[in-house]
Amino acid sequence: VQLQASGGGLVQPGGSLRVSCTVSGGTFSSYTVGWFRQAPGKEREFVSAISWSGTATFYADSVKGRFTISRDMAKNSVYLQMNGLKLEDTAVYYCAADPNTFLTTSAYGRTSNYDYWGQGTLVTVSS
């Protein structure tokens, strides 16, 4: 299973950006997919996740109301639409996937629960 994250770039505060994660190999329709981010000098943190069916979505409090996660089964892709970007959103964004269905909300936010990881895409919010 391979994950390819793309779509990062430089954006001004208040702007928008959409990052994408394309999954190849395995059975995409059965994967839980999550987005995590890591800022310089900080630990990797949970941003958002979506269940295998797309019916359940989860967000960190810091991005709730500004970010939206979605998936396109036909394109084997998961998207993270980021609006109202802030300076503190600057980080490398990683997508991750796992074939298991998580039983608790908190499980979606644990890096150790995801078997497959992409290489990351850099999002820089700066004026």
# chains A, B, ... in the order shown; residues from 1 in each chain; ligands from 1

$ residues_around --residues "Trp52 in chain A" --least-positions-apart "3" --cutoff "6 Å" --atoms "only C-alpha atoms" --output "ChimeraX atom specification"
/A:29-32

$ write_last_selection --atoms "all heavy atoms" --output "compact mmCIF listing (two decimals), in the first residue's frame"
# COMPACT_ATOMS: atom_id res chain seq x y z
N SER A 29 -11.43 1.18 -0.43
CA SER A 29 -12.77 1.37 0.11
C SER A 29 -12.92 0.85 1.53
O SER A 29 -13.89 1.17 2.21
CB SER A 29 -13.81 0.70 -0.80
OG SER A 29 -13.54 -0.68 -0.91
N SER A 30 -11.97 0.06 1.99
CA SER A 30 -12.07 -0.48 3.35
C SER A 30 -11.15 0.24 4.34
O SER A 30 -11.13 -0.10 5.52
CB SER A 30 -11.72 -1.97 3.34
OG SER A 30 -10.35 -2.17 3.00
N TYR A 31 -10.41 1.24 3.88
CA TYR A 31 -9.41 1.87 4.74
C TYR A 31 -9.96 3.07 5.51
O TYR A 31 -10.65 3.93 4.96
CB TYR A 31 -8.23 2.37 3.93
CG TYR A 31 -7.33 1.27 3.40
CD1 TYR A 31 -6.56 1.48 2.26
CD2 TYR A 31 -7.23 0.06 4.04
CE1 TYR A 31 -5.73 0.49 1.76
CE2 TYR A 31 -6.40 -0.94 3.57
CZ TYR A 31 -5.66 -0.72 2.43
OH TYR A 31 -4.84 -1.70 1.94
N THR A 32 -9.62 3.13 6.78
CA THR A 32 -9.74 4.36 7.54
C THR A 32 -8.57 5.24 7.12
O THR A 32 -7.44 4.76 7.01
CB THR A 32 -9.65 4.06 9.05
OG1 THR A 32 -10.75 3.25 9.44
CG2 THR A 32 -9.63 5.35 9.85

$ closest_atom_pairs --of "range 45-64 of chain A" --to "range 76-99 of chain A" --cutoff "9 Å" --atoms "only C-alpha atoms" --output "Markdown table"
| residue | atom | partner | partner_atom | distance |
| --- | --- | --- | --- | --- |
| A:Val47 | CA | A:Tyr93 | CA | 8.8 |
| A:Ser48 | CA | A:Leu80 | CA | 8.2 |
| A:Ile50 | CA | A:Val78 | CA | 8.5 |
| A:Trp52 | CA | A:Pro99 | CA | 8.3 |
| A:Val63 | CA | A:Met82 | CA | 8.5 |

$ residues_around --residues "Glu45 in chain A" --least-positions-apart "4" --cutoff "7 Å" --atoms "only C-alpha atoms" --output "compact mmCIF listing (two decimals) with C-alpha atoms, in the first residue's frame"
# COMPACT_ATOMS: atom_id res chain seq x y z
CA PHE A 36 -1.72 14.35 10.78
CA ARG A 37 0.70 17.26 10.82
CA GLN A 38 4.08 18.02 12.27

$ select_by_dssp --residues "range 13-116 of chain A" --states "helix (DSSP H, G or I)" --output "list of chain:residue names"
A:Phe28, A:Ser29, A:Ser30, A:Met73, A:Ala74, A:Lys75, A:Leu87, A:Glu88, A:Asp89, A:Thr105, A:Ser106, A:Ala107, A:Tyr108, A:Gly109, A:Thr111, A:Ser112, A:Asn113

$ write_last_selection --atoms "C-alpha atoms" --output "short mmCIF file (atom, residue, chain, number, x, y, z; two decimals), in the first residue's frame"
data_model
loop_
_atom_site.label_atom_id
_atom_site.label_comp_id
_atom_site.auth_asym_id
_atom_site.auth_seq_id
_atom_site.Cartn_x
_atom_site.Cartn_y
_atom_site.Cartn_z
CA PHE A 28 -9.05 1.66 -0.59
CA SER A 29 -12.77 1.37 0.11
CA SER A 30 -12.07 -0.48 3.35
CA MET A 73 -13.90 6.18 -3.87
CA ALA A 74 -13.62 6.42 -7.65
CA LYS A 75 -10.28 8.21 -7.39
CA LEU A 87 0.05 30.87 10.98
CA GLU A 88 -0.07 27.96 13.42
CA ASP A 89 -1.35 25.63 10.69
CA THR A 105 -13.32 8.15 18.57
CA SER A 106 -9.98 8.53 20.30
CA ALA A 107 -8.53 5.69 18.26
CA TYR A 108 -8.72 7.78 15.09
CA GLY A 109 -6.26 10.22 16.56
CA THR A 111 -0.55 7.60 15.08
CA SER A 112 0.20 4.06 16.28
CA ASN A 113 -3.15 2.84 14.92
#

$ atom_distance --atom1 "CA of Arg66 in chain A" --atom2 "CA of Ser53 in chain A"
22.1 Å

$ atom_distance --atom1 "CA of Ala5 in chain A" --atom2 "CA of Tyr114 in chain A"
15.4 Å

$ atom_distance --atom1 "CA of Ser126 in chain A" --atom2 "CA of Lys64 in chain A"
20.7 Å

$ closest_residue --among "A:Ala39, A:Arg18, A:Arg44, A:Gly118" --to "Ile69 in chain A" --atoms "only C-alpha atoms"
A:Arg18

$ closest_residue --among "A:Thr55, A:Asn100, A:Gln4, A:Ser127" --to "Gly25 in chain A" --atoms "only C-alpha atoms"
A:Gln4

$ closest_residue --among "A:Phe67, A:Tyr59, A:Leu3, A:Trp35" --to "Thr22 in chain A" --atoms "only C-alpha atoms"
A:Leu3

$ select_by_dssp --residues "range 5-118 of chain A" --states "strand (DSSP E)" --output "PyMOL selection string"
chain A and resi 5-6+9-11+17-24+32-38+45-50+57-59+67-72+77-82+91-98+116-117

$ write_last_selection --atoms "C-alpha atoms" --output "CSV table (one decimal), in the first residue's frame"
chain,number,residue,atom,x,y,z
A,5,ALA,CA,0.2,13.3,-0.4
A,6,SER,CA,0.1,16.4,-2.5
A,9,GLY,CA,2.2,25.2,-0.7
A,10,LEU,CA,2.4,28.8,0.5
A,11,VAL,CA,-0.8,30.6,1.4
A,17,LEU,CA,-5.7,25.2,0.4
A,18,ARG,CA,-6.7,21.6,-0.4
A,19,VAL,CA,-4.3,18.8,0.1
A,20,SER,CA,-4.9,15.3,-1.4
A,21,CYS,CA,-3.9,11.8,-0.5
A,22,THR,CA,-4.0,9.1,-3.2
A,23,VAL,CA,-3.9,5.5,-2.1
A,24,SER,CA,-2.6,2.7,-4.3
A,32,THR,CA,-9.7,4.4,7.5
A,33,VAL,CA,-7.7,7.4,6.5
A,34,GLY,CA,-6.3,10.1,8.7
A,35,TRP,CA,-4.4,13.4,8.3
A,36,PHE,CA,-1.7,14.4,10.8
A,37,ARG,CA,0.7,17.3,10.8
A,38,GLN,CA,4.1,18.0,12.3
A,45,GLU,CA,-0.5,15.6,15.9
A,46,PHE,CA,-3.9,14.5,14.7
A,47,VAL,CA,-5.8,16.8,12.4
A,48,SER,CA,-8.7,14.8,10.9
A,49,ALA,CA,-9.9,11.3,9.9
A,50,ILE,CA,-12.6,9.7,7.9
A,57,THR,CA,-15.5,12.2,10.2
A,58,PHE,CA,-13.4,13.5,13.1
A,59,TYR,CA,-11.5,16.7,13.7
A,67,PHE,CA,-11.1,22.1,7.8
A,68,THR,CA,-13.2,19.5,5.9
A,69,ILE,CA,-12.2,15.9,5.1
A,70,SER,CA,-13.8,13.9,2.3
A,71,ARG,CA,-13.1,10.9,0.2
A,72,ASP,CA,-13.6,9.9,-3.4
A,77,SER,CA,-8.4,9.7,-2.8
A,78,VAL,CA,-9.0,11.6,0.4
A,79,TYR,CA,-9.0,15.3,0.5
A,80,LEU,CA,-8.5,17.9,3.3
A,81,GLN,CA,-10.0,21.3,2.5
A,82,MET,CA,-8.4,23.9,4.7
A,91,ALA,CA,3.4,22.1,9.1
A,92,VAL,CA,4.2,19.1,7.1
A,93,TYR,CA,0.9,17.3,6.5
A,94,TYR,CA,0.9,13.5,6.4
A,95,CYS,CA,-1.9,11.1,5.4
A,96,ALA,CA,-2.2,7.7,6.9
A,97,ALA,CA,-4.3,4.7,6.3
A,98,ASP,CA,-5.3,1.5,8.1
A,116,TYR,CA,0.5,3.0,6.2
A,117,TRP,CA,1.9,6.5,5.9
